[in-house]
file final09.cif (mmCIF, C-alpha atoms and all ligand atoms)
data_entry
loop_
_atom_site.group_PDB
_atom_site.id
_atom_site.type_symbol
_atom_site.label_atom_id
_atom_site.label_comp_id
_atom_site.auth_asym_id
_atom_site.auth_seq_id
_atom_site.Cartn_x
_atom_site.Cartn_y
_atom_site.Cartn_z
ATOM 1 C CA MET A 6 -78.189 -39.339 -70.404
ATOM 2 C CA GLY A 7 -79.734 -35.937 -69.754
ATOM 3 C CA PRO A 8 -82.672 -35.241 -67.493
ATOM 4 C CA ALA A 9 -86.180 -35.899 -68.735
ATOM 5 C CA ILE A 10 -88.055 -32.788 -69.802
ATOM 6 C CA ALA A 11 -91.826 -32.605 -69.894
ATOM 7 C CA THR A 12 -93.308 -29.147 -69.942
ATOM 8 C CA LEU A 13 -95.980 -29.552 -72.575
ATOM 9 C CA HIS A 14 -99.481 -29.824 -71.156
ATOM 10 C CA GLN A 15 -101.658 -32.853 -71.659
ATOM 11 C CA LYS A 16 -104.140 -30.840 -73.738
ATOM 12 C CA GLU A 17 -101.453 -29.829 -76.245
ATOM 13 C CA ARG A 18 -100.118 -33.348 -76.385
ATOM 14 C CA ALA A 19 -103.631 -34.641 -77.105
ATOM 15 C CA ALA A 20 -103.989 -32.067 -79.904
ATOM 16 C CA LEU A 21 -100.757 -33.288 -81.484
ATOM 17 C CA GLY A 22 -102.006 -36.861 -81.199
ATOM 18 C CA ALA A 23 -105.248 -35.865 -82.925
ATOM 19 C CA ILE A 24 -103.313 -34.279 -85.804
ATOM 20 C CA ALA A 25 -101.171 -37.421 -86.097
ATOM 21 C CA SER A 26 -104.222 -39.645 -86.366
ATOM 22 C CA ALA A 27 -106.073 -37.290 -88.737
ATOM 23 C CA LEU A 28 -103.050 -37.466 -91.041
ATOM 24 C CA SER A 29 -102.595 -41.230 -90.496
ATOM 25 C CA LEU A 30 -98.993 -40.692 -89.457
ATOM 26 C CA PRO A 31 -97.038 -43.908 -88.946
ATOM 27 C CA SER A 32 -96.673 -45.156 -85.398
ATOM 28 C CA PHE A 33 -93.236 -45.061 -83.846
ATOM 29 C CA GLU A 34 -92.546 -48.738 -83.187
ATOM 30 C CA PRO A 35 -90.480 -49.832 -80.173
ATOM 31 C CA GLY A 36 -87.086 -51.098 -81.295
ATOM 32 C CA SER A 37 -86.919 -48.770 -84.290
ATOM 33 C CA VAL A 38 -84.903 -45.631 -85.033
ATOM 34 C CA TRP A 39 -86.147 -42.512 -86.795
ATOM 35 C CA LEU A 40 -83.599 -40.126 -88.254
ATOM 36 C CA ALA A 41 -85.341 -36.791 -88.474
ATOM 37 C CA GLY A 42 -84.474 -33.269 -89.571
ATOM 38 C CA ALA A 43 -85.328 -30.451 -87.163
ATOM 39 C CA GLY A 44 -84.983 -27.721 -89.772
ATOM 40 C CA PRO A 45 -82.410 -24.939 -89.703
ATOM 41 C CA GLY A 46 -83.401 -23.028 -86.551
ATOM 42 C CA ASP A 47 -86.899 -21.552 -86.583
ATOM 43 C CA PRO A 48 -88.815 -24.261 -84.657
ATOM 44 C CA GLY A 49 -91.802 -23.746 -86.955
ATOM 45 C CA LEU A 50 -89.788 -25.296 -89.763
ATOM 46 C CA ILE A 51 -89.826 -28.822 -88.368
ATOM 47 C CA THR A 52 -92.219 -31.126 -90.248
ATOM 48 C CA ILE A 53 -95.349 -32.522 -88.640
ATOM 49 C CA LEU A 54 -93.817 -35.982 -88.907
ATOM 50 C CA GLY A 55 -90.688 -34.703 -87.135
ATOM 51 C CA LEU A 56 -92.779 -33.272 -84.304
ATOM 52 C CA HIS A 57 -94.782 -36.507 -84.133
ATOM 53 C CA ALA A 58 -91.472 -38.358 -83.710
ATOM 54 C CA ILE A 59 -90.448 -36.069 -80.830
ATOM 55 C CA THR A 60 -93.752 -36.558 -79.012
ATOM 56 C CA ASN A 61 -93.507 -40.350 -79.283
ATOM 57 C CA ALA A 62 -89.814 -41.120 -78.796
ATOM 58 C CA ASP A 63 -88.453 -42.832 -75.681
ATOM 59 C CA VAL A 64 -84.959 -41.455 -76.308
ATOM 60 C CA ILE A 65 -83.918 -38.430 -78.355
ATOM 61 C CA LEU A 66 -80.303 -38.043 -79.466
ATOM 62 C CA TYR A 67 -80.033 -34.466 -80.659
ATOM 63 C CA ASP A 68 -77.424 -32.328 -82.394
ATOM 64 C CA ALA A 69 -76.085 -28.917 -81.502
ATOM 65 C CA LEU A 70 -77.938 -27.450 -84.491
ATOM 66 C CA ALA A 71 -81.408 -28.755 -83.599
ATOM 67 C CA ASN A 72 -83.438 -26.040 -81.843
ATOM 68 C CA PRO A 73 -83.720 -27.043 -78.133
ATOM 69 C CA ALA A 74 -87.246 -25.529 -77.956
ATOM 70 C CA LEU A 75 -88.421 -28.553 -79.938
ATOM 71 C CA LEU A 76 -87.274 -30.917 -77.202
ATOM 72 C CA GLU A 77 -89.959 -29.509 -74.914
ATOM 73 C CA PHE A 78 -92.404 -31.630 -76.894
ATOM 74 C CA GLY A 79 -90.762 -34.820 -75.649
ATOM 75 C CA ARG A 80 -92.948 -37.358 -73.872
ATOM 76 C CA PRO A 81 -92.911 -37.214 -70.044
ATOM 77 C CA GLY A 82 -90.143 -39.554 -68.971
ATOM 78 C CA SER A 83 -88.346 -39.549 -72.312
ATOM 79 C CA GLU A 84 -84.586 -39.293 -72.246
ATOM 80 C CA LEU A 85 -82.564 -36.573 -73.929
ATOM 81 C CA VAL A 86 -79.041 -37.301 -75.068
ATOM 82 C CA TYR A 87 -76.809 -34.596 -76.473
ATOM 83 C CA ALA A 88 -74.885 -36.032 -79.411
ATOM 84 C CA GLY A 89 -73.141 -32.982 -80.803
ATOM 85 C CA LYS A 90 -69.846 -33.284 -82.583
ATOM 86 C CA ARG A 91 -66.654 -32.778 -80.669
ATOM 87 C CA ARG A 92 -64.158 -30.858 -82.728
ATOM 88 C CA GLY A 93 -61.126 -32.855 -83.778
ATOM 89 C CA LYS A 94 -62.682 -36.260 -83.046
ATOM 90 C CA PRO A 95 -65.516 -36.601 -85.526
ATOM 91 C CA GLY A 96 -64.695 -40.220 -86.433
ATOM 92 C CA VAL A 97 -64.656 -41.522 -82.873
ATOM 93 C CA ILE A 98 -67.846 -39.795 -81.807
ATOM 94 C CA GLN A 99 -69.657 -40.763 -85.019
ATOM 95 C CA ALA A 100 -68.993 -44.469 -84.419
ATOM 96 C CA ASP A 101 -70.207 -43.992 -80.821
ATOM 97 C CA ILE A 102 -73.450 -42.421 -81.990
ATOM 98 C CA SER A 103 -74.158 -45.237 -84.436
ATOM 99 C CA ARG A 104 -73.388 -47.826 -81.754
ATOM 100 C CA THR A 105 -75.637 -46.042 -79.250
ATOM 101 C CA LEU A 106 -78.522 -45.954 -81.743
ATOM 102 C CA VAL A 107 -78.208 -49.686 -82.331
ATOM 103 C CA ALA A 108 -77.887 -50.500 -78.600
ATOM 104 C CA LEU A 109 -80.937 -48.415 -77.632
ATOM 105 C CA ALA A 110 -83.071 -49.916 -80.409
ATOM 106 C CA ARG A 111 -82.045 -53.417 -79.289
ATOM 107 C CA LYS A 112 -83.306 -52.560 -75.816
ATOM 108 C CA GLY A 113 -86.711 -52.000 -77.404
ATOM 109 C CA LYS A 114 -86.689 -48.198 -77.259
ATOM 110 C CA ARG A 115 -88.261 -45.842 -79.782
ATOM 111 C CA VAL A 116 -85.105 -43.982 -80.715
ATOM 112 C CA LEU A 117 -85.132 -40.572 -82.369
ATOM 113 C CA ARG A 118 -81.975 -39.151 -83.901
ATOM 114 C CA LEU A 119 -82.770 -35.462 -84.348
ATOM 115 C CA LYS A 120 -80.461 -33.448 -86.585
ATOM 116 C CA GLY A 121 -80.314 -29.840 -87.718
ATOM 117 C CA GLY A 122 -81.708 -29.181 -91.198
ATOM 118 C CA ASP A 123 -82.152 -32.364 -93.214
ATOM 119 C CA PRO A 124 -80.521 -35.602 -92.005
ATOM 120 C CA PHE A 125 -79.341 -36.560 -95.493
ATOM 121 C CA VAL A 126 -77.794 -33.202 -96.398
ATOM 122 C CA PHE A 127 -74.232 -33.001 -95.057
ATOM 123 C CA GLY A 128 -75.612 -34.510 -91.866
ATOM 124 C CA ARG A 129 -74.132 -38.032 -91.817
ATOM 125 C CA GLY A 130 -77.651 -39.434 -91.804
ATOM 126 C CA GLY A 131 -76.589 -41.934 -94.452
ATOM 127 C CA GLU A 132 -73.749 -43.247 -92.300
ATOM 128 C CA GLU A 133 -76.011 -43.725 -89.282
ATOM 129 C CA ALA A 134 -78.768 -45.329 -91.351
ATOM 130 C CA LEU A 135 -76.249 -47.757 -92.869
ATOM 131 C CA ALA A 136 -75.130 -48.777 -89.385
ATOM 132 C CA LEU A 137 -78.798 -49.502 -88.583
ATOM 133 C CA ALA A 138 -79.204 -51.462 -91.812
ATOM 134 C CA ARG A 139 -76.117 -53.534 -90.975
ATOM 135 C CA ALA A 140 -77.604 -54.295 -87.538
ATOM 136 C CA SER A 141 -81.030 -55.094 -89.050
ATOM 137 C CA ILE A 142 -82.697 -52.337 -87.016
ATOM 138 C CA PRO A 143 -85.828 -50.946 -88.708
ATOM 139 C CA PHE A 144 -85.498 -47.231 -89.396
ATOM 140 C CA ARG A 145 -87.340 -44.345 -91.006
ATOM 141 C CA ILE A 146 -85.945 -41.129 -92.485
ATOM 142 C CA VAL A 147 -87.865 -37.913 -91.828
ATOM 143 C CA PRO A 148 -86.546 -35.194 -94.153
ATOM 144 C CA GLY A 149 -86.199 -31.635 -92.952
ATOM 145 C CA VAL A 150 -85.786 -28.145 -94.324
ATOM 146 C CA THR A 151 -82.107 -27.810 -95.113
ATOM 147 C CA ALA A 152 -80.170 -24.636 -94.255
ATOM 148 C CA GLY A 153 -78.986 -24.194 -97.845
ATOM 149 C CA ILE A 154 -82.574 -23.810 -99.062
ATOM 150 C CA GLY A 155 -84.675 -22.665 -96.085
ATOM 151 C CA GLY A 156 -81.896 -20.504 -94.663
ATOM 152 C CA LEU A 157 -81.507 -18.683 -97.950
ATOM 153 C CA ALA A 158 -85.288 -18.274 -98.196
ATOM 154 C CA TYR A 159 -85.199 -16.402 -94.867
ATOM 155 C CA ALA A 160 -82.548 -14.147 -96.410
ATOM 156 C CA GLY A 161 -84.828 -13.445 -99.380
ATOM 157 C CA ILE A 162 -82.605 -15.428 -101.759
ATOM 158 C CA PRO A 163 -84.391 -18.075 -103.844
ATOM 159 C CA VAL A 164 -82.040 -20.962 -104.660
ATOM 160 C CA THR A 165 -83.395 -20.966 -108.193
ATOM 161 C CA HIS A 166 -84.987 -18.218 -110.249
ATOM 162 C CA ARG A 167 -85.681 -18.395 -113.955
ATOM 163 C CA ASP A 168 -83.845 -15.159 -114.776
ATOM 164 C CA THR A 169 -80.670 -16.085 -112.923
ATOM 165 C CA ASN A 170 -80.063 -19.841 -112.712
ATOM 166 C CA HIS A 171 -81.327 -23.158 -113.995
ATOM 167 C CA VAL A 172 -78.820 -25.028 -111.866
ATOM 168 C CA VAL A 173 -77.849 -24.908 -108.215
ATOM 169 C CA THR A 174 -75.074 -26.896 -106.595
ATOM 170 C CA PHE A 175 -74.664 -27.673 -102.893
ATOM 171 C CA VAL A 176 -71.065 -28.029 -101.778
ATOM 172 C CA THR A 177 -69.348 -28.692 -98.467
ATOM 173 C CA GLY A 178 -66.455 -26.364 -97.706
ATOM 174 C CA HIS A 179 -64.981 -28.948 -95.378
ATOM 175 C CA GLY A 180 -63.578 -32.288 -96.518
ATOM 176 C CA ALA A 181 -63.493 -35.332 -94.201
ATOM 177 C CA ASP A 182 -59.894 -34.397 -93.264
ATOM 178 C CA GLY A 183 -60.809 -30.787 -92.409
ATOM 179 C CA ASN A 184 -59.189 -29.377 -95.530
ATOM 180 C CA LEU A 185 -60.852 -28.049 -98.675
ATOM 181 C CA PRO A 186 -62.779 -30.900 -100.253
ATOM 182 C CA ASP A 187 -61.364 -32.522 -103.340
ATOM 183 C CA VAL A 188 -63.883 -31.315 -105.928
ATOM 184 C CA ASP A 189 -63.624 -30.222 -109.562
ATOM 185 C CA TRP A 190 -63.391 -26.460 -108.987
ATOM 186 C CA HIS A 191 -63.332 -25.670 -112.699
ATOM 187 C CA ALA A 192 -66.575 -27.576 -113.208
ATOM 188 C CA LEU A 193 -68.166 -25.741 -110.290
ATOM 189 C CA ALA A 194 -66.941 -22.352 -111.502
ATOM 190 C CA THR A 195 -68.142 -22.816 -115.055
ATOM 191 C CA GLY A 196 -71.033 -25.277 -114.754
ATOM 192 C CA SER A 197 -73.183 -23.983 -111.918
ATOM 193 C CA PRO A 198 -74.405 -20.371 -111.871
ATOM 194 C CA THR A 199 -75.387 -20.698 -108.210
ATOM 195 C CA LEU A 200 -73.193 -22.336 -105.597
ATOM 196 C CA VAL A 201 -74.351 -22.927 -102.036
ATOM 197 C CA PHE A 202 -71.659 -23.828 -99.502
ATOM 198 C CA TYR A 203 -72.132 -25.488 -96.123
ATOM 199 C CA MET A 204 -69.390 -25.532 -93.448
ATOM 200 C CA ALA A 205 -67.346 -23.084 -95.469
ATOM 201 C CA LEU A 206 -66.557 -20.095 -93.219
ATOM 202 C CA ALA A 207 -63.020 -21.221 -92.413
ATOM 203 C CA HIS A 208 -62.112 -21.881 -96.036
ATOM 204 C CA ALA A 209 -64.099 -19.061 -97.664
ATOM 205 C CA ASP A 210 -60.968 -17.258 -98.820
ATOM 206 C CA ALA A 211 -59.502 -20.371 -100.443
ATOM 207 C CA ILE A 212 -62.850 -21.265 -102.018
ATOM 208 C CA ALA A 213 -63.228 -17.816 -103.570
ATOM 209 C CA ARG A 214 -59.662 -17.932 -104.885
ATOM 210 C CA LYS A 215 -60.146 -21.366 -106.446
ATOM 211 C CA LEU A 216 -63.344 -20.243 -108.153
ATOM 212 C CA VAL A 217 -61.796 -17.056 -109.548
ATOM 213 C CA GLU A 218 -58.705 -18.956 -110.729
ATOM 214 C CA THR A 219 -60.913 -21.423 -112.562
ATOM 215 C CA GLY A 220 -63.050 -18.861 -114.356
ATOM 216 C CA ARG A 221 -65.526 -17.194 -112.027
ATOM 217 C CA ASN A 222 -66.097 -13.428 -112.105
ATOM 218 C CA PRO A 223 -64.718 -11.866 -108.898
ATOM 219 C CA ASP A 224 -67.434 -9.172 -109.017
ATOM 220 C CA GLU A 225 -70.232 -11.688 -108.837
ATOM 221 C CA PRO A 226 -72.587 -11.167 -105.886
ATOM 222 C CA ALA A 227 -72.295 -13.443 -102.881
ATOM 223 C CA ALA A 228 -73.898 -13.612 -99.460
ATOM 224 C CA ILE A 229 -73.238 -15.115 -96.072
ATOM 225 C CA VAL A 230 -76.232 -16.032 -93.927
ATOM 226 C CA SER A 231 -75.359 -16.677 -90.275
ATOM 227 C CA ASP A 232 -77.815 -18.289 -87.817
ATOM 228 C CA ALA A 233 -80.316 -18.484 -90.631
ATOM 229 C CA THR A 234 -84.036 -18.536 -89.717
ATOM 230 C CA SER A 235 -83.309 -17.770 -86.054
ATOM 231 C CA GLU A 236 -83.771 -14.442 -84.287
ATOM 232 C CA LYS A 237 -80.003 -13.966 -84.496
ATOM 233 C CA GLN A 238 -79.949 -14.246 -88.306
ATOM 234 C CA VAL A 239 -77.399 -11.935 -89.977
ATOM 235 C CA VAL A 240 -77.042 -11.594 -93.738
ATOM 236 C CA ARG A 241 -73.933 -10.101 -95.334
ATOM 237 C CA VAL A 242 -74.096 -9.315 -99.026
ATOM 238 C CA THR A 243 -70.702 -9.082 -100.666
ATOM 239 C CA THR A 244 -68.836 -10.118 -103.815
ATOM 240 C CA LEU A 245 -66.861 -13.234 -104.617
ATOM 241 C CA ALA A 246 -63.635 -11.210 -104.327
ATOM 242 C CA GLN A 247 -64.608 -10.044 -100.829
ATOM 243 C CA LEU A 248 -66.083 -13.326 -99.628
ATOM 244 C CA GLY A 249 -63.075 -14.307 -97.489
ATOM 245 C CA ALA A 250 -63.000 -10.928 -95.719
ATOM 246 C CA SER A 251 -66.760 -11.052 -95.050
ATOM 247 C CA ALA A 252 -66.440 -14.604 -93.749
ATOM 248 C CA ARG A 253 -63.896 -13.460 -91.167
ATOM 249 C CA ASP A 254 -66.569 -11.108 -89.759
ATOM 250 C CA SER A 255 -69.332 -13.716 -89.802
ATOM 251 C CA ALA A 256 -70.549 -16.062 -87.076
ATOM 252 C CA ALA A 257 -71.107 -19.804 -87.450
ATOM 253 C CA PRO A 258 -73.210 -21.605 -88.449
ATOM 254 C CA ALA A 259 -73.338 -19.942 -91.842
ATOM 255 C CA ILE A 260 -74.363 -20.668 -95.398
ATOM 256 C CA LEU A 261 -72.399 -19.082 -98.244
ATOM 257 C CA VAL A 262 -74.060 -18.458 -101.589
ATOM 258 C CA ILE A 263 -72.505 -17.218 -104.811
ATOM 259 C CA GLY A 264 -74.597 -16.238 -107.813
ATOM 260 C CA GLU A 265 -76.716 -13.582 -109.503
ATOM 261 C CA ASN A 266 -79.756 -14.758 -107.536
ATOM 262 C CA VAL A 267 -78.249 -13.009 -104.491
ATOM 263 C CA ARG A 268 -79.435 -9.738 -106.128
ATOM 264 C CA LEU A 269 -83.036 -10.842 -105.647
ATOM 265 C CA ARG A 270 -82.650 -10.161 -101.942
ATOM 266 C CA ASP A 271 -83.146 -6.437 -102.669
ATOM 267 C CA GLY A 272 -86.706 -7.296 -103.640
ATOM 268 C CA LEU A 273 -87.353 -10.348 -101.497
ATOM 269 C CA ASP A 274 -85.904 -9.606 -98.059
ATOM 270 C CA TRP A 275 -89.232 -10.290 -96.422
ATOM 271 C CA VAL A 276 -87.667 -10.572 -92.946
ATOM 272 C CA GLY A 277 -86.309 -7.025 -93.333
ATOM 273 C CA ALA A 278 -89.620 -5.846 -94.778
ATOM 274 C CA LEU A 279 -91.408 -7.056 -91.640
ATOM 275 C CA SER A 280 -89.395 -4.486 -89.720
ATOM 276 C CA GLY A 281 -89.874 -1.653 -92.179
ATOM 277 C CA GLN A 282 -87.176 -2.259 -94.802
ATOM 278 C CA LEU A 283 -88.276 -1.087 -98.266
ATOM 279 C CA LEU A 284 -88.226 -3.698 -101.020
ATOM 280 C CA ASP A 285 -87.071 -3.009 -104.584
ATOM 281 C CA PRO A 286 -89.749 -4.485 -106.867
ATOM 282 C CA ASP A 287 -87.233 -4.771 -109.723
ATOM 283 C CA PRO A 288 -84.100 -6.179 -108.041
ATOM 284 C CA LEU A 289 -82.606 -7.519 -111.284
ATOM 285 C CA LYS A 290 -83.089 -4.136 -112.967
ATOM 286 C CA HIS A 291 -85.148 -5.393 -115.898
ATOM 287 C CA ASP A 292 -86.540 -1.896 -116.381
ATOM 288 C CA ARG A 293 -83.050 -0.528 -116.875
ATOM 289 C CA PHE A 294 -82.181 -3.218 -119.443
ATOM 290 C CA GLN A 295 -85.428 -2.648 -121.280
ATOM 291 C CA ARG A 296 -84.850 1.110 -121.432
ATOM 292 C CA ALA A 297 -81.287 0.552 -122.693
ATOM 293 C CA SER A 298 -82.272 -1.818 -125.494
HETATM 294 N N1 LIG B 1 -78.003 -31.246 -92.127
HETATM 295 C C1 LIG B 1 -77.820 -29.800 -92.067
HETATM 296 C C2 LIG B 1 -76.408 -29.400 -92.386
HETATM 297 C C3 LIG B 1 -75.398 -29.873 -91.370
HETATM 298 S S1 LIG B 1 -73.767 -29.383 -91.749
HETATM 299 C C4 LIG B 1 -78.830 -29.136 -93.013
HETATM 300 O O1 LIG B 1 -79.459 -29.823 -93.833
HETATM 301 O O2 LIG B 1 -78.999 -27.914 -92.938
HETATM 302 C C5 LIG B 1 -73.602 -27.952 -90.746
HETATM 303 C C6 LIG B 1 -73.617 -26.723 -91.628
HETATM 304 O O3 LIG B 1 -74.951 -26.424 -92.006
HETATM 305 C C7 LIG B 1 -73.112 -25.469 -90.957
HETATM 306 O O4 LIG B 1 -71.703 -25.397 -90.999
HETATM 307 C C8 LIG B 1 -73.734 -24.415 -91.841
HETATM 308 O O5 LIG B 1 -73.035 -24.296 -93.061
HETATM 309 C C9 LIG B 1 -75.091 -25.036 -92.145
HETATM 310 N N2 LIG B 1 -76.141 -24.584 -91.234
HETATM 311 C C10 LIG B 1 -76.914 -25.345 -90.449
HETATM 312 N N3 LIG B 1 -77.810 -24.594 -89.780
HETATM 313 C C11 LIG B 1 -77.594 -23.327 -90.164
HETATM 314 C C12 LIG B 1 -78.199 -22.085 -89.841
HETATM 315 N N4 LIG B 1 -79.200 -21.976 -88.974
HETATM 316 N N5 LIG B 1 -77.714 -20.972 -90.432
HETATM 317 C C13 LIG B 1 -76.715 -21.039 -91.324
HETATM 318 N N6 LIG B 1 -76.102 -22.186 -91.658
HETATM 319 C C14 LIG B 1 -76.538 -23.313 -91.092
#
call {"tool": "encode", "arguments": {"input": "final09.cif", "output": "structure tokens"}}
result
Amino acid sequence: MGPAIATLHQKERAALGAIASALSLPSFEPGSVWLAGAGPGDPGLITILGLHAITNADVILYDALANPALLEFGRPGSELVYAGKRRGKPGVIQADISRTLVALARKGKRVLRLKGGDPFVFGRGGEEALALARASIPFRIVPGVTAGIGGLAYAGIPVTHRDTNHVVTFVTGHGADGNLPDVDWHALATGSPTLVFYMALAHADAIARKLVETGRNPDEPAAIVSDATSEKQVVRVTTLAQLGASARDSAAPAILVIGENVRLRDGLDWVGALSGQLLDPDPLKHDRFQRAS
């Protein structure tokens, strides 16, 4: 158990309580567990319900990817427990986390499991919630902004855009055994114009090769967004053929995206624009096509 943190002033806490009651937010019942998403990094991207959970929890079990600034909102006397993954032993630690959630709830605590992004998107939220269901512990799921959507938005890349894609597919680059996941690469290559990969830096080369082998154009635009939505955010725009090489130069955590919608960044990089970057109002070059036809 970590030390209790309580730096938020009473006035601010009261304001949060007033918001919670104005919105009729549910009360956090003792003996229950809330699985909440903290968003991808920018603390402003947590939901009001997520923040309400932090201010009311007795114990918070948090992930490496949840922004620690959010924990400052914890109630005075609340306990903070780091429950990040240990590399190489995901199974063992995962069972421990589920057991801890159940044990704390049985002691009558208000237990918050705070995860990066959204708890049900590649976050094992389902596994933990099933353990609670098996133990008959009441639980609530508080969705969050997932890195594959919100992170790309901070890179100026919309996950869907009418001119580029009617479909988007979210894929993990990391199977349960640590290898490439067993997915239908041909279906991905030919069926989904936009592919968003989580946990894919290590296998980026292999992923790109599989996609090209099964029908994808190696010149297609791709991007890697590292530390998305945080002050350390770095965006690398590349091509499918160069994705592996770019991944080797990129820091984790990172989202990989492949698709024509990556071109929209030239017009929509609002983070860059805030520091003086010029935006191209016609990033898909419609004007050029119109002149040519
Ligand atoms: N539940 C999380 C995903 C957890 S899996 C969510 O919904 O976002 C962990 C993976 O998420 C990382 O390997 C990376 O691919 C992605 N990720 C999480 N936070 C990120 C961030 N700030 N920037 C880029 N990628 C991130």
call {"tool": "residues_near_ligand", "arguments": {"input": "final09.cif", "ligand": "ligand LIG 1 (chain B)", "cutoff": "8 Å", "atoms": "all atoms listed in the file", "output": "tab-separated table (two decimals) with C-alpha atoms, keeping the file's coordinate frame"}}
result
chain	number	residue	atom	x	y	z
A	42	GLY	CA	-84.47	-33.27	-89.57
A	44	GLY	CA	-84.98	-27.72	-89.77
A	45	PRO	CA	-82.41	-24.94	-89.70
A	46	GLY	CA	-83.40	-23.03	-86.55
A	70	LEU	CA	-77.94	-27.45	-84.49
A	120	LYS	CA	-80.46	-33.45	-86.58
A	121	GLY	CA	-80.31	-29.84	-87.72
A	122	GLY	CA	-81.71	-29.18	-91.20
A	123	ASP	CA	-82.15	-32.36	-93.21
A	124	PRO	CA	-80.52	-35.60	-92.00
A	125	PHE	CA	-79.34	-36.56	-95.49
A	126	VAL	CA	-77.79	-33.20	-96.40
A	127	PHE	CA	-74.23	-33.00	-95.06
A	128	GLY	CA	-75.61	-34.51	-91.87
A	129	ARG	CA	-74.13	-38.03	-91.82
A	149	GLY	CA	-86.20	-31.64	-92.95
A	150	VAL	CA	-85.79	-28.14	-94.32
A	151	THR	CA	-82.11	-27.81	-95.11
A	152	ALA	CA	-80.17	-24.64	-94.26
A	153	GLY	CA	-78.99	-24.19	-97.84
A	156	GLY	CA	-81.90	-20.50	-94.66
A	177	THR	CA	-69.35	-28.69	-98.47
A	202	PHE	CA	-71.66	-23.83	-99.50
A	203	TYR	CA	-72.13	-25.49	-96.12
A	204	MET	CA	-69.39	-25.53	-93.45
A	205	ALA	CA	-67.35	-23.08	-95.47
A	206	LEU	CA	-66.56	-20.10	-93.22
A	230	VAL	CA	-76.23	-16.03	-93.93
A	231	SER	CA	-75.36	-16.68	-90.28
A	232	ASP	CA	-77.82	-18.29	-87.82
A	233	ALA	CA	-80.32	-18.48	-90.63
A	234	THR	CA	-84.04	-18.54	-89.72
A	235	SER	CA	-83.31	-17.77	-86.05
A	238	GLN	CA	-79.95	-14.25	-88.31
A	257	ALA	CA	-71.11	-19.80	-87.45
A	258	PRO	CA	-73.21	-21.60	-88.45
A	259	ALA	CA	-73.34	-19.94	-91.84
A	260	ILE	CA	-74.36	-20.67	-95.40
A	261	LEU	CA	-72.40	-19.08	-98.24
call {"tool": "axis_aligned_box", "arguments": {"input": "final09.cif", "around": "range 204-214 of chain A", "padding_each_side": "8 Å", "output": "AutoDock Vina command-line options"}}
result
--center_x -64.4 --center_y -21.4 --center_z -98.6 --size_x 25.9 --size_y 24.3 --size_z 28.5
call {"tool": "residues_around", "arguments": {"input": "final09.cif", "residues": "Arg241 in chain A", "least_positions_apart": "3", "cutoff": "9 Å", "atoms": "only C-alpha atoms", "output": "PDB file with C-alpha atoms, keeping the file's coordinate frame"}}
result
ATOM      1  CA  ALA A 227     -72.295 -13.443-102.881  1.00  0.00           C
ATOM      2  CA  ALA A 228     -73.898 -13.612 -99.460  1.00  0.00           C
ATOM      3  CA  ILE A 229     -73.238 -15.115 -96.072  1.00  0.00           C
ATOM      4  CA  VAL A 230     -76.232 -16.032 -93.927  1.00  0.00           C
ATOM      5  CA  SER A 231     -75.359 -16.677 -90.275  1.00  0.00           C
ATOM      6  CA  SER A 251     -66.760 -11.052 -95.050  1.00  0.00           C
ATOM      7  CA  ALA A 252     -66.440 -14.604 -93.749  1.00  0.00           C
ATOM      8  CA  SER A 255     -69.332 -13.716 -89.802  1.00  0.00           C
TER       9      SER A 255
END
call {"tool": "resolve_selection", "arguments": {"input": "final09.cif", "expression": "the PyMOL selection byres (((chain A and resi 28-41) around 10) and not hetatm)", "output": "ChimeraX atom specification"}}
result
/A:22-27,42-44,51-67,106-125,130-131,133-134,137,141-149
call {"tool": "residues_near_point", "arguments": {"input": "final09.cif", "point": "(-64.8, -7.8, -101.2)", "cutoff": "12 Å", "atoms": "all atoms listed in the file", "output": "ChimeraX atom specification"}}
result
/A:209-210,213-214,223-228,241-253
call {"tool": "write_last_selection", "arguments": {"input": "final09.cif", "atoms": "C-alpha atoms", "output": "mmCIF file, in the frame of the given file"}}
result
data_model
loop_
_atom_site.group_PDB
_atom_site.id
_atom_site.type_symbol
_atom_site.label_atom_id
_atom_site.label_comp_id
_atom_site.auth_asym_id
_atom_site.auth_seq_id
_atom_site.Cartn_x
_atom_site.Cartn_y
_atom_site.Cartn_z
ATOM 1 C CA ALA A 209 -64.099 -19.061 -97.664
ATOM 2 C CA ASP A 210 -60.968 -17.258 -98.820
ATOM 3 C CA ALA A 213 -63.228 -17.816 -103.570
ATOM 4 C CA ARG A 214 -59.662 -17.932 -104.885
ATOM 5 C CA PRO A 223 -64.718 -11.866 -108.898
ATOM 6 C CA ASP A 224 -67.434 -9.172 -109.017
ATOM 7 C CA GLU A 225 -70.232 -11.688 -108.837
ATOM 8 C CA PRO A 226 -72.587 -11.167 -105.886
ATOM 9 C CA ALA A 227 -72.295 -13.443 -102.881
ATOM 10 C CA ALA A 228 -73.898 -13.612 -99.460
ATOM 11 C CA ARG A 241 -73.933 -10.101 -95.334
ATOM 12 C CA VAL A 242 -74.096 -9.315 -99.026
ATOM 13 C CA THR A 243 -70.702 -9.082 -100.666
ATOM 14 C CA THR A 244 -68.836 -10.118 -103.815
ATOM 15 C CA LEU A 245 -66.861 -13.234 -104.617
ATOM 16 C CA ALA A 246 -63.635 -11.210 -104.327
ATOM 17 C CA GLN A 247 -64.608 -10.044 -100.829
ATOM 18 C CA LEU A 248 -66.083 -13.326 -99.628
ATOM 19 C CA GLY A 249 -63.075 -14.307 -97.489
ATOM 20 C CA ALA A 250 -63.000 -10.928 -95.719
ATOM 21 C CA SER A 251 -66.760 -11.052 -95.050
ATOM 22 C CA ALA A 252 -66.440 -14.604 -93.749
ATOM 23 C CA ARG A 253 -63.896 -13.460 -91.167
#
call {"tool": "resolve_selection", "arguments": {"input": "final09.cif", "expression": "the PyMOL selection byres (((chain A and resi 79) around 7) and not hetatm)", "output": "list in words"}}
result
Ile10, Ala11, Ile59, Thr60, Leu76, Glu77, Phe78, Arg80, Pro81 and Ser83 of chain A
